[in-house]
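Pasting work.csv here (CSV, C-alpha atoms and all ligand atoms):
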chain,number,residue,atom,x,y,z
R,1,MET,CA,88.7,108.9,139.9
R,2,THR,CA,89.3,105.2,139.3
R,3,LYS,CA,89.5,104.1,135.7
R,4,PRO,CA,88.3,100.8,134.3
R,5,THR,CA,91.1,98.3,133.9
R,6,LEU,CA,92.0,96.4,130.8
R,7,ASN,CA,93.8,93.0,131.3
R,8,VAL,CA,96.5,92.2,128.8
R,9,GLY,CA,97.3,88.7,127.6
R,10,LEU,CA,100.6,88.7,125.7
R,11,VAL,CA,101.7,85.8,123.4
R,12,GLY,CA,105.4,85.7,122.8
R,13,SER,CA,108.2,87.2,124.8
R,14,GLY,CA,111.0,87.6,122.2
R,15,PHE,CA,112.1,90.9,120.6
R,16,MET,CA,108.6,92.3,120.1
R,17,GLY,CA,107.2,90.9,123.3
R,18,LYS,CA,109.7,92.9,125.3
R,19,THR,CA,109.0,96.0,123.1
R,20,HIS,CA,105.3,95.7,123.9
R,21,ILE,CA,106.0,95.5,127.6
R,22,PHE,CA,108.0,98.7,127.3
R,23,GLY,CA,105.1,100.2,125.4
R,24,TYR,CA,102.5,99.4,128.0
R,25,VAL,CA,104.6,100.5,130.9
R,26,LEU,CA,105.6,103.8,129.2
R,27,ALA,CA,102.1,104.5,127.8
R,28,SER,CA,100.5,104.1,131.2
R,29,ARG,CA,103.0,106.5,132.8
R,30,VAL,CA,103.2,109.1,130.1
R,31,PHE,CA,99.7,109.4,128.7
R,32,ASP,CA,96.4,110.1,130.5
R,33,LEU,CA,95.0,106.8,129.2
R,34,PRO,CA,91.3,106.0,129.4
R,35,PHE,CA,92.1,102.7,131.1
R,36,ASP,CA,94.5,101.3,133.7
R,37,ILE,CA,96.6,98.5,132.2
R,38,ASN,CA,97.1,95.3,134.0
R,39,LEU,CA,99.7,92.8,132.7
R,40,GLU,CA,97.5,89.8,133.4
R,41,CYS,CA,99.1,86.8,131.6
R,42,VAL,CA,102.0,85.9,129.3
R,43,ALA,CA,101.9,82.9,127.0
R,44,GLU,CA,105.1,81.2,125.8
R,45,THR,CA,106.0,77.8,124.3
R,46,THR,CA,106.9,76.1,127.6
R,47,PRO,CA,105.7,76.6,131.2
R,48,GLU,CA,109.2,77.3,132.3
R,49,LEU,CA,109.9,80.0,129.8
R,50,ALA,CA,106.4,81.5,130.3
R,51,ASN,CA,107.0,81.6,134.1
R,52,ASP,CA,110.4,83.1,133.7
R,53,MET,CA,109.0,85.9,131.5
R,54,ARG,CA,106.0,86.4,133.9
R,55,ARG,CA,108.6,87.2,136.6
R,56,ARG,CA,110.8,89.4,134.4
R,57,PHE,CA,108.0,91.3,132.7
R,58,GLY,CA,105.8,91.7,135.8
R,59,PHE,CA,102.7,89.6,134.7
R,60,GLY,CA,100.4,88.1,137.2
R,61,ARG,CA,100.1,84.7,135.5
R,62,SER,CA,101.8,82.7,132.8
R,63,THR,CA,100.8,79.8,130.6
R,64,ALA,CA,102.1,77.6,127.8
R,65,ASN,CA,98.6,77.4,126.4
R,66,TRP,CA,97.8,80.5,124.3
R,67,LYS,CA,94.4,79.0,123.4
R,68,ALA,CA,93.2,78.9,127.0
R,69,MET,CA,94.4,82.5,127.3
R,70,ALA,CA,92.4,83.5,124.2
R,71,GLU,CA,89.3,82.1,125.9
R,72,ASP,CA,90.1,83.4,129.4
R,73,GLN,CA,87.3,85.6,130.7
R,74,ASN,CA,89.8,87.8,132.5
R,75,ILE,CA,91.7,88.9,129.3
R,76,ASP,CA,90.5,92.1,127.5
R,77,ILE,CA,93.4,92.6,125.1
R,78,PHE,CA,95.0,89.7,123.3
R,79,ASP,CA,98.4,90.8,122.2
R,80,ILE,CA,100.2,88.6,119.6
R,81,THR,CA,104.0,88.9,119.2
R,82,ALA,CA,104.4,85.3,118.1
R,83,PRO,CA,105.9,84.5,114.6
R,84,ASN,CA,103.8,85.4,111.5
R,85,MET,CA,102.4,81.9,110.8
R,86,PHE,CA,100.5,81.9,114.1
R,87,HIS,CA,98.9,85.3,113.7
R,88,LYS,CA,95.7,84.2,112.0
R,89,GLU,CA,94.9,81.3,114.2
R,90,MET,CA,95.6,83.2,117.4
R,91,ALA,CA,93.7,86.3,116.3
R,92,LEU,CA,90.7,84.5,115.2
R,93,ALA,CA,90.5,82.5,118.4
R,94,ALA,CA,90.7,85.8,120.5
R,95,ILE,CA,88.2,87.6,118.3
R,96,ALA,CA,85.8,84.7,118.7
R,97,ALA,CA,86.1,85.1,122.4
R,98,GLY,CA,85.3,88.9,122.1
R,99,LYS,CA,88.8,90.2,122.8
R,100,HIS,CA,90.4,93.3,121.4
R,101,VAL,CA,93.4,92.2,119.4
R,102,TYR,CA,96.8,93.8,119.0
R,103,CYS,CA,98.9,91.9,116.5
R,104,GLU,CA,102.4,92.4,115.2
R,105,LYS,CA,103.0,92.9,111.5
R,106,PRO,CA,102.7,91.4,109.0
R,107,LEU,CA,99.1,90.8,109.9
R,108,ALA,CA,99.1,87.4,108.2
R,109,THR,CA,101.0,85.3,105.8
R,110,ASN,CA,98.7,86.1,102.8
R,111,ALA,CA,96.1,88.6,101.9
R,112,GLU,CA,93.2,86.2,102.1
R,113,ASP,CA,93.9,85.3,105.7
R,114,ALA,CA,94.5,88.9,106.6
R,115,LEU,CA,91.1,89.8,105.1
R,116,ALA,CA,89.4,87.0,107.0
R,117,MET,CA,90.9,88.4,110.2
R,118,ALA,CA,89.7,91.9,109.4
R,119,ARG,CA,86.2,90.7,108.6
R,120,ALA,CA,86.0,88.6,111.8
R,121,ALA,CA,87.1,91.7,113.9
R,122,ASP,CA,84.5,93.8,112.1
R,123,LYS,CA,81.8,91.3,112.7
R,124,ALA,CA,82.6,90.8,116.4
R,125,ARG,CA,82.9,94.6,116.8
R,126,VAL,CA,86.2,94.4,118.6
R,127,CYS,CA,89.1,96.9,118.2
R,128,THR,CA,92.3,95.8,116.5
R,129,GLN,CA,95.8,97.2,116.0
R,130,VAL,CA,98.6,96.1,113.8
R,131,GLY,CA,102.2,96.9,114.9
R,132,PHE,CA,103.4,99.3,112.3
R,133,ASN,CA,105.1,101.3,115.0
R,134,TYR,CA,107.2,103.6,112.7
R,135,LEU,CA,104.0,105.3,111.7
R,136,SER,CA,103.6,106.5,115.3
R,137,ASN,CA,106.7,108.8,115.0
R,138,PRO,CA,105.8,112.5,115.4
R,139,MET,CA,108.2,113.1,112.5
R,140,PHE,CA,106.0,110.9,110.3
R,141,ALA,CA,103.0,112.9,111.3
R,142,LEU,CA,104.9,116.1,110.4
R,143,ALA,CA,105.9,114.7,107.1
R,144,ARG,CA,102.4,113.7,106.3
R,145,ARG,CA,101.1,117.2,107.3
R,146,LEU,CA,103.7,119.0,105.2
R,147,ILE,CA,102.6,116.9,102.2
R,148,ALA,CA,98.9,117.4,102.9
R,149,GLU,CA,99.4,121.2,103.4
R,150,GLY,CA,101.0,121.4,99.9
R,151,LYS,CA,104.4,122.5,101.3
R,152,LEU,CA,106.0,120.2,98.8
R,153,GLY,CA,103.7,121.2,95.9
R,154,GLU,CA,102.5,118.4,93.7
R,155,ILE,CA,104.0,115.1,94.9
R,156,ARG,CA,105.9,113.5,92.1
R,157,SER,CA,108.2,110.7,93.4
R,158,TYR,CA,108.9,108.5,96.4
R,159,ARG,CA,111.8,106.3,97.5
R,160,GLY,CA,111.5,104.0,100.4
R,161,VAL,CA,113.9,101.4,101.9
R,162,HIS,CA,114.0,99.1,104.8
R,163,ALA,CA,117.4,97.4,105.0
R,164,GLU,CA,119.1,95.6,107.9
R,165,ASP,CA,121.7,92.9,108.1
R,166,TYR,CA,120.4,90.4,110.6
R,167,MET,CA,120.1,87.7,107.9
R,168,SER,CA,123.4,88.4,106.2
R,169,ASP,CA,125.3,85.6,107.9
R,170,SER,CA,124.4,82.4,106.0
R,171,SER,CA,125.7,80.2,108.8
R,172,ALA,CA,123.4,81.9,111.4
R,173,PRO,CA,120.9,79.5,113.1
R,174,TRP,CA,117.6,78.8,111.2
R,175,THR,CA,114.7,81.0,112.2
R,176,TRP,CA,111.0,81.1,111.5
R,177,ARG,CA,111.7,84.1,109.3
R,178,LEU,CA,113.0,81.6,106.7
R,179,ASP,CA,109.8,79.6,106.7
R,180,PRO,CA,108.0,79.9,103.3
R,181,ASP,CA,104.8,80.3,105.3
R,182,GLY,CA,105.1,84.0,106.0
R,183,GLY,CA,108.8,84.5,105.9
R,184,GLY,CA,111.0,86.5,103.6
R,185,ALA,CA,112.4,90.0,103.5
R,186,PHE,CA,109.5,91.5,101.7
R,187,ALA,CA,106.9,90.1,104.1
R,188,ASP,CA,109.0,91.1,107.1
R,189,LEU,CA,110.4,94.5,106.1
R,190,GLY,CA,108.7,95.3,102.8
R,191,SER,CA,105.4,95.4,104.7
R,192,HIS,CA,106.9,98.3,106.7
R,193,THR,CA,108.0,100.1,103.6
R,194,ILE,CA,104.6,99.8,102.0
R,195,ALA,CA,102.8,100.9,105.1
R,196,THR,CA,105.0,104.0,105.3
R,197,ALA,CA,104.7,104.8,101.6
R,198,GLU,CA,100.9,104.7,101.8
R,199,PHE,CA,100.8,106.6,105.1
R,200,LEU,CA,102.7,109.5,103.4
R,201,LEU,CA,101.4,109.5,99.8
R,202,GLY,CA,98.1,107.7,99.9
R,203,PRO,CA,97.0,104.6,98.0
R,204,VAL,CA,99.3,102.6,95.7
R,205,VAL,CA,97.4,101.5,92.6
R,206,SER,CA,99.9,99.2,90.9
R,207,VAL,CA,103.2,97.5,91.6
R,208,LEU,CA,106.0,95.8,89.7
R,209,GLY,CA,108.0,93.5,92.0
R,210,SER,CA,111.3,91.7,92.0
R,211,LEU,CA,111.9,89.3,94.9
R,212,ASN,CA,115.2,87.5,95.0
R,213,THR,CA,116.8,84.8,97.1
R,214,ILE,CA,120.5,85.5,97.3
R,215,VAL,CA,121.7,83.2,100.1
R,216,ARG,CA,120.4,79.9,98.7
R,217,GLU,CA,121.7,77.6,101.4
R,218,ARG,CA,121.5,78.1,105.1
R,219,THR,CA,122.0,76.0,108.2
R,220,GLY,CA,118.8,74.2,109.2
R,221,PRO,CA,117.4,73.7,112.7
R,222,ASN,CA,119.5,70.5,113.2
R,223,GLY,CA,122.7,71.8,111.7
R,224,GLU,CA,121.9,70.4,108.3
R,225,SER,CA,122.3,72.4,105.0
R,226,MET,CA,118.9,73.6,103.8
R,227,SER,CA,117.9,75.3,100.6
R,228,VAL,CA,116.1,78.6,101.2
R,229,ASN,CA,112.8,79.5,99.4
R,230,VAL,CA,112.2,83.0,100.7
R,231,ASP,CA,113.5,86.3,99.4
R,232,ASP,CA,116.4,88.1,100.9
R,233,VAL,CA,116.1,91.3,98.8
R,234,GLY,CA,112.9,92.6,97.3
R,235,HIS,CA,112.2,95.7,95.2
R,236,ALA,CA,108.9,97.1,94.0
R,237,LEU,CA,108.1,99.9,91.6
R,238,LEU,CA,105.0,101.7,92.7
R,239,LYS,CA,102.4,103.9,91.1
R,240,PHE,CA,100.3,106.0,93.4
R,241,GLU,CA,96.7,107.1,93.0
R,242,ASN,CA,97.8,110.7,93.2
R,243,GLY,CA,100.0,110.3,90.1
R,244,ALA,CA,103.3,110.0,91.9
R,245,VAL,CA,105.7,107.1,91.1
R,246,GLY,CA,108.1,105.4,93.4
R,247,SER,CA,110.1,102.5,94.6
R,248,VAL,CA,110.6,100.5,97.7
R,249,GLU,CA,113.4,98.0,98.7
R,250,ALA,CA,113.3,95.4,101.5
R,251,ASN,CA,116.7,93.9,102.3
R,252,TRP,CA,117.7,91.8,105.3
R,253,ILE,CA,121.3,91.0,104.1
R,254,ALA,CA,122.5,94.7,103.7
R,255,LYS,CA,125.8,94.3,105.6
R,256,GLY,CA,126.3,97.1,107.9
R,257,GLN,CA,122.8,98.5,107.8
R,258,LYS,CA,121.1,98.2,111.2
R,259,MET,CA,117.9,100.1,110.9
R,260,GLN,CA,117.5,101.8,107.6
R,261,HIS,CA,113.8,102.5,107.4
R,262,ASP,CA,114.2,105.5,105.2
R,263,PHE,CA,112.2,107.5,102.8
R,264,GLU,CA,112.5,110.4,100.4
R,265,VAL,CA,109.5,112.3,99.0
R,266,ASN,CA,109.9,114.7,96.1
R,267,GLY,CA,107.3,117.3,95.1
R,268,SER,CA,107.2,120.2,92.6
R,269,ASP,CA,108.1,122.7,95.3
R,270,GLY,CA,110.0,120.7,98.0
R,271,SER,CA,111.3,117.4,99.3
R,272,LEU,CA,111.6,115.4,102.5
R,273,ILE,CA,114.3,113.0,103.6
R,274,TYR,CA,114.1,110.8,106.6
R,275,THR,CA,116.3,108.1,108.1
R,276,GLN,CA,115.2,105.8,110.9
R,277,GLU,CA,118.6,105.8,112.6
R,278,ARG,CA,118.0,109.5,113.2
R,279,LEU,CA,114.3,109.1,114.0
R,280,ASN,CA,114.0,112.5,115.7
R,281,GLU,CA,115.0,114.4,112.5
R,282,LEU,CA,113.2,115.3,109.3
R,283,LEU,CA,115.0,117.1,106.4
R,284,PHE,CA,112.9,119.5,104.5
R,285,PHE,CA,113.8,121.3,101.3
R,286,SER,CA,111.6,124.2,100.1
R,287,SER,CA,111.9,126.1,96.9
R,288,ASP,CA,110.1,129.0,98.8
R,289,ASP,CA,113.4,129.7,100.5
R,290,GLN,CA,115.5,132.4,98.9
R,291,GLU,CA,117.7,130.8,96.2
R,292,HIS,CA,121.0,131.6,97.9
R,293,MET,CA,119.7,130.0,101.1
R,294,GLN,CA,118.2,126.9,99.6
R,295,GLY,CA,119.1,123.5,101.0
R,296,PHE,CA,117.7,120.8,103.2
R,297,ARG,CA,116.9,122.1,106.6
R,298,LYS,CA,117.0,119.8,109.6
R,299,ILE,CA,113.8,119.8,111.7
R,300,VAL,CA,114.5,118.3,115.1
R,301,SER,CA,111.7,116.7,117.2
R,302,GLY,CA,110.4,118.6,120.2
R,303,PRO,CA,107.3,119.3,122.3
R,304,SER,CA,105.7,121.1,119.3
R,305,HIS,CA,105.6,117.6,117.6
R,306,GLU,CA,102.9,115.9,119.7
R,307,PRO,CA,103.2,113.7,121.7
R,308,TYR,CA,106.9,114.2,122.1
R,309,GLY,CA,106.4,116.8,124.9
R,310,LEU,CA,104.7,114.2,127.1
R,311,PHE,CA,107.9,112.1,127.1
R,312,CYS,CA,110.3,115.0,127.4
R,313,VAL,CA,109.9,118.8,127.9
R,314,ALA,CA,113.1,119.7,126.1
R,315,PRO,CA,113.4,119.6,122.3
R,316,GLY,CA,116.2,117.7,120.7
R,317,HIS,CA,116.6,115.3,123.6
R,318,GLN,CA,115.0,112.6,121.5
R,319,ILE,CA,112.5,109.8,121.8
R,320,GLY,CA,113.2,106.2,120.7
R,321,TYR,CA,111.8,103.0,119.3
R,322,ASN,CA,110.1,101.9,122.5
R,323,GLU,CA,108.3,105.3,122.7
R,324,LEU,CA,106.9,104.7,119.3
R,325,LYS,CA,105.3,101.5,120.6
R,326,ALA,CA,103.9,103.5,123.6
R,327,ILE,CA,102.3,106.0,121.2
R,328,GLU,CA,100.9,103.1,119.2
R,329,ILE,CA,99.4,101.6,122.3
R,330,MET,CA,97.9,104.9,123.4
R,331,GLY,CA,96.1,105.2,120.1
R,332,PHE,CA,94.8,101.6,120.4
R,333,LEU,CA,93.5,102.2,123.9
R,334,LYS,CA,91.8,105.5,122.9
R,335,ALA,CA,90.1,103.5,120.0
R,336,ILE,CA,88.9,100.9,122.5
R,337,ALA,CA,87.5,103.7,124.7
R,338,GLY,CA,85.7,105.0,121.5
R,339,SER,CA,87.3,108.4,121.7
R,340,SER,CA,89.3,108.1,118.4
R,341,PRO,CA,89.4,105.9,115.4
R,342,GLU,CA,91.7,102.8,115.4
R,343,PRO,CA,95.1,104.1,114.2
R,344,PHE,CA,96.0,101.0,112.1
R,345,ASN,CA,93.4,98.3,112.3
R,346,PHE,CA,93.2,94.8,110.7
R,347,ARG,CA,91.6,96.3,107.6
R,348,ALA,CA,94.6,98.6,107.2
R,349,GLY,CA,96.9,95.6,107.9
R,350,ALA,CA,95.0,93.5,105.3
R,351,ARG,CA,95.5,96.2,102.7
R,352,VAL,CA,99.3,96.1,103.3
R,353,GLN,CA,99.1,92.4,102.9
R,354,PHE,CA,97.3,92.7,99.6
R,355,LEU,CA,100.1,94.9,98.4
R,356,VAL,CA,102.8,92.6,99.7
R,357,ASP,CA,101.1,89.7,97.9
R,358,ALA,CA,100.8,91.7,94.7
R,359,VAL,CA,104.5,92.4,94.8
R,360,ALA,CA,105.2,88.7,95.1
R,361,GLU,CA,102.8,87.8,92.3
R,362,SER,CA,104.2,90.5,90.1
R,363,SER,CA,107.7,89.2,90.7
R,364,ALA,CA,106.6,85.6,89.9
R,365,THR,CA,104.8,86.7,86.7
R,366,ASN,CA,107.1,89.5,85.7
R,367,SER,CA,104.2,91.8,85.1
R,368,TRP,CA,102.6,94.9,86.7
R,369,LYS,CA,99.8,94.1,89.1
R,370,THR,CA,96.9,96.5,89.8
R,371,VAL,CA,95.8,96.5,93.4
T,1,LIG,P1,111.0,86.3,118.3
T,1,LIG,O1,111.4,85.0,117.7
T,1,LIG,O2,112.1,87.1,119.0
T,1,LIG,O3,109.9,86.1,119.4
T,1,LIG,C1,108.8,85.3,119.1
T,1,LIG,C2,108.3,84.7,120.4
T,1,LIG,O4,107.1,84.0,120.2
T,1,LIG,C3,109.3,83.7,121.0
T,1,LIG,O5,109.6,84.0,122.3
T,1,LIG,C4,108.7,82.4,120.9
T,1,LIG,O6,109.0,81.4,121.9
T,1,LIG,C5,107.2,82.8,121.0
T,1,LIG,N1,106.3,81.8,120.5
T,1,LIG,C6,106.4,81.1,119.3
T,1,LIG,N2,105.3,80.2,119.2
T,1,LIG,C7,104.6,80.4,120.3
T,1,LIG,C8,103.4,79.8,120.7
T,1,LIG,N3,102.7,78.9,120.0
T,1,LIG,N4,102.8,80.2,121.9
T,1,LIG,C9,103.5,81.1,122.7
T,1,LIG,N5,104.6,81.8,122.3
T,1,LIG,C10,105.1,81.4,121.1
T,1,LIG,O7,110.3,87.1,117.2
T,1,LIG,P2,110.1,88.7,117.1
T,1,LIG,O8,111.2,89.3,116.4
T,1,LIG,O9,109.6,89.2,118.4
T,1,LIG,O10,108.8,88.7,116.1
T,1,LIG,C11,107.6,88.4,116.5
T,1,LIG,C12,106.6,89.2,115.6
T,1,LIG,O11,106.8,90.6,115.7
T,1,LIG,C13,106.6,88.8,114.1
T,1,LIG,O12,105.3,88.8,113.6
T,1,LIG,C14,107.5,89.9,113.5
T,1,LIG,O13,107.2,90.1,112.1
T,1,LIG,C15,107.1,91.1,114.4
T,1,LIG,N6,108.1,92.1,114.5
T,1,LIG,C16,107.7,93.4,114.4
T,1,LIG,C17,108.7,94.5,114.5
T,1,LIG,C18,108.2,95.9,114.4
T,1,LIG,O14,109.0,96.8,114.3
T,1,LIG,N7,106.9,96.1,114.5
T,1,LIG,C19,110.1,94.2,114.7
T,1,LIG,C20,110.4,92.7,114.8
T,1,LIG,C21,109.4,91.8,114.7
Kindly return the structure encoded in the file as structure tokens.
Ligand code: NAI
Amino acid sequence: MTKPTLNVGLVGSGFMGKTHIFGYVLASRVFDLPFDINLECVAETTPELANDMRRRFGFGRSTANWKAMAEDQNIDIFDITAPNMFHKEMALAAIAAGKHVYCEKPLATNAEDALAMARAADKARVCTQVGFNYLSNPMFALARRLIAEGKLGEIRSYRGVHAEDYMSDSSAPWTWRLDPDGGGAFADLGSHTIATAEFLLGPVVSVLGSLNTIVRERTGPNGESMSVNVDDVGHALLKFENGAVGSVEANWIAKGQKMQHDFEVNGSDGSLIYTQERLNELLFFSSDDQEHMQGFRKIVSGPSHEPYGLFCVAPGHQIGYNELKAIEIMGFLKAIAGSSPEPFNFRAGARVQFLVDAVAESSATNSWKTV
């Protein structure tokens, strides 16, 4: 039976552009998707780069004009992997043309813009997805299930961190990540920690933030010395609606850390520990175990943790980062087909943005902020 085809228009072919391609290709091979996926067009900053990426990624067409692609009748999914400061303009243009929009995190550079994007999508009745791919990990689903089933008892405390070291070299070339419009470690990485914290524990109700610029001078686009206005390290204390308290850290100058998207959840009867560099493992402590046998047990990902088994029939053989993107895409396509809710739509992305803004505001005013 032939399926309807969705044509994808991808903006940006950097780190995330490539990850999205892996995601589409994997998803269409691994899952029984409601649609066939056609890589229709890729947009980049120059015709040469766009054409090169068309050839390498396997798109039918390329363009250096993302606006024309947003209005193109042949595009069904408008996929944004361009830098943060472009997300709003691109998404609104695509929504206005009736496209479903898949946008990388953070959804926008501030909460007001993110909300405008969510409202526009609601009004146009298009489906949306924000790229918080860590939430697609079957081990995250298991963690959330263990919490919901009461296996940890009453949830008391949470610790989250997202630390990497890609900005630790102060002489490294200038990047859009240092632009005050949407840059900074907390917008970049803190958004992931907040999304994960709420995925596991539910709503955060108040925050106390501390955002700090540690590397104050960096090499500008033309080799000149430039002062930096965005944070390198951000912390936030959190109070959750369920009464738990916690903290998150976002740090892009953590020398030696390559992918520390980690969390710890402590309850009255048990705890969970997770580290992204071992993304197929979840450590679970239960006080139900006999006292002389108590300790963190390592649960290893396998076919019983859906949809792991569709990637690999054998437990412990591991899935990876690109598979998380494929799972994210599968959820988005099912939502477009109307067979399941949007996994993490623009409303959810706007909520994260509200929390990120609240942390920044709290840091600036040195006071708790209610969200
Ligand atoms: P990147 O700098 O590697 O790639 C961005 C691409 O967008 C570049 O190829 C650039 O030429 C292109 N671009 C810029 N302006 C454009 C325009 N006007 N038209 C067409 N193309 C344009 O950046 P990266 O790391 O891929 O980040 C992109 C987005 O993905 C950001 O929003 C970032 O926060 C997010 N991201 C998400 C991650 C995740 O785990 N979900 C991880 C890394 C980034």
Would you pick out the contacts of region 233-238 of chain R at 6 Å or less, using only C-alpha atoms, so that residues sharing its chain but fewer than 4 positions from it are not included, and give the list as a short mmCIF file (atom, residue, chain, number, x, y, z; two decimals) with C-alpha atoms, in the frame of the given file?
data_model
loop_
_atom_site.label_atom_id
_atom_site.label_comp_id
_atom_site.auth_asym_id
_atom_site.auth_seq_id
_atom_site.Cartn_x
_atom_site.Cartn_y
_atom_site.Cartn_z
CA PHE R 186 109.50 91.50 101.70
CA SER R 206 99.90 99.20 90.90
CA VAL R 207 103.20 97.50 91.60
CA LEU R 208 106.00 95.80 89.70
CA GLY R 209 108.00 93.50 92.00
CA SER R 210 111.30 91.70 92.00
CA LEU R 211 111.90 89.30 94.90
CA ASN R 212 115.20 87.50 95.00
CA VAL R 245 105.70 107.10 91.10
CA GLY R 246 108.10 105.40 93.40
CA SER R 247 110.10 102.50 94.60
CA VAL R 248 110.60 100.50 97.70
CA GLU R 249 113.40 98.00 98.70
CA ALA R 250 113.30 95.40 101.50
CA ASN R 251 116.70 93.90 102.30
#
Nearby residues (only C-alpha atoms) at most 7 Å from Gly316 (chain R), same-chain spacing under 3 positions excluded, as an MDAnalysis selection string: chainID R and resid 300:302
Taking only C-alpha atoms and all ligand atoms and a cut-off of 9 Å, can you tell me which residues surround ligand LIG 1 (chain T), written as number ranges by chain? R: 10-19, 42-46, 49-50, 63-67, 80-87, 90, 103-108, 130-134, 175-177, 182-183, 187-189, 192, 321, 325
Do you know which residues are at most 10 Å from Ile319 (chain R) counting all atoms listed in the file, after dropping those on the same chain fewer than 3 positions away, and could you put them as a ChimeraX atom specification? /R:137-138,279-280,301-302,308-309,311-312,315-316,322-324
Close residues, Met259 (chain R) itself excluded, 9 Å, only C-alpha atoms, min 6 positions apart in chain, as number ranges by chain: R: 162-165, 275-277
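Here CA of Ala114 (chain R) is placed at a distance of 23.4 Å from CA of Trp252 (chain R).
Between CA of Tyr166 (chain R) and CA of Leu201 (chain R) lies a distance of 29.0 Å.
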When distances are computed from only C-alpha atoms, which of R:Gly267, R:Gly338, R:Gly220, R:Pro203 shows the smallest separation from Lys239 (chain R)? R:Pro203
To one decimal place, how far is CA of His261 (chain R) from CA of Thr196 (chain R) in Å? 9.2 Å
Please identify all polymer residues within 8 Å of Phe31 (chain R), counting all atoms listed in the file, omitting same-chain residues fewer than 4 positions from it, and present them as a PyMOL selection string. chain R and resi 27+310+330
Within 12 Å of (89.3, 79.9, 128.5), all atoms listed in the file: residues as a list in words? Gly9, Thr63, Asn65, Trp66, Lys67, Ala68, Met69, Ala70, Glu71, Asp72, Gln73, Asn74, Ile75, Ala93, Ala94, Ala96, Ala97, Gly98 and Lys99 of chain R
Compute the distance from (104.7, 95.4, 99.0) to each atom, counting all atoms listed in the file, keep the residues with any atom at most 6 Å away, and return them as a PyMOL selection string; use the coordinates of the file. chain R and resi 190-191+194+355-356+359
Would you kindly place N, CA, C and O atoms on region 51-61 of chain R and return the model as a PDB file, in the frame of the given file?
ATOM      1  N   ASN R  51     106.859  81.166 132.690  1.00  0.00           N
ATOM      2  CA  ASN R  51     107.000  81.600 134.100  1.00  0.00           C
ATOM      3  C   ASN R  51     108.128  82.549 134.285  1.00  0.00           C
ATOM      4  O   ASN R  51     108.027  83.546 135.006  1.00  0.00           O
ATOM      5  N   ASP R  52     109.223  82.255 133.592  1.00  0.00           N
ATOM      6  CA  ASP R  52     110.400  83.100 133.700  1.00  0.00           C
ATOM      7  C   ASP R  52     110.022  84.540 133.162  1.00  0.00           C
ATOM      8  O   ASP R  52     110.356  85.558 133.784  1.00  0.00           O
ATOM      9  N   MET R  53     109.314  84.563 132.036  1.00  0.00           N
ATOM     10  CA  MET R  53     109.000  85.900 131.500  1.00  0.00           C
ATOM     11  C   MET R  53     107.904  86.574 132.306  1.00  0.00           C
ATOM     12  O   MET R  53     107.873  87.793 132.376  1.00  0.00           O
ATOM     13  N   ARG R  54     107.022  85.804 132.951  1.00  0.00           N
ATOM     14  CA  ARG R  54     106.000  86.400 133.900  1.00  0.00           C
ATOM     15  C   ARG R  54     106.780  87.203 134.960  1.00  0.00           C
ATOM     16  O   ARG R  54     106.463  88.351 135.227  1.00  0.00           O
ATOM     17  N   ARG R  55     107.801  86.557 135.506  1.00  0.00           N
ATOM     18  CA  ARG R  55     108.600  87.200 136.600  1.00  0.00           C
ATOM     19  C   ARG R  55     109.315  88.428 136.063  1.00  0.00           C
ATOM     20  O   ARG R  55     109.277  89.496 136.659  1.00  0.00           O
ATOM     21  N   ARG R  56     109.954  88.259 134.893  1.00  0.00           N
ATOM     22  CA  ARG R  56     110.800  89.400 134.400  1.00  0.00           C
ATOM     23  C   ARG R  56     109.945  90.542 133.888  1.00  0.00           C
ATOM     24  O   ARG R  56     110.309  91.701 134.065  1.00  0.00           O
ATOM     25  N   PHE R  57     108.811  90.246 133.241  1.00  0.00           N
ATOM     26  CA  PHE R  57     108.000  91.300 132.700  1.00  0.00           C
ATOM     27  C   PHE R  57     106.980  91.891 133.679  1.00  0.00           C
ATOM     28  O   PHE R  57     106.367  92.926 133.439  1.00  0.00           O
ATOM     29  N   GLY R  58     106.749  91.152 134.777  1.00  0.00           N
ATOM     30  CA  GLY R  58     105.800  91.700 135.800  1.00  0.00           C
ATOM     31  C   GLY R  58     104.358  91.269 135.521  1.00  0.00           C
ATOM     32  O   GLY R  58     103.443  92.016 135.905  1.00  0.00           O
ATOM     33  N   PHE R  59     104.117  90.128 134.878  1.00  0.00           N
ATOM     34  CA  PHE R  59     102.700  89.600 134.700  1.00  0.00           C
ATOM     35  C   PHE R  59     102.261  88.940 135.950  1.00  0.00           C
ATOM     36  O   PHE R  59     103.067  88.416 136.745  1.00  0.00           O
ATOM     37  N   GLY R  60     100.922  88.850 136.086  1.00  0.00           N
ATOM     38  CA  GLY R  60     100.400  88.100 137.200  1.00  0.00           C
ATOM     39  C   GLY R  60     100.414  86.637 137.043  1.00  0.00           C
ATOM     40  O   GLY R  60     100.610  85.891 138.008  1.00  0.00           O
ATOM     41  N   ARG R  61     100.203  86.184 135.810  1.00  0.00           N
ATOM     42  CA  ARG R  61     100.100  84.700 135.500  1.00  0.00           C
ATOM     43  C   ARG R  61     100.926  84.423 134.278  1.00  0.00           C
ATOM     44  O   ARG R  61     101.228  85.305 133.479  1.00  0.00           O
TER      45      ARG R  61
END
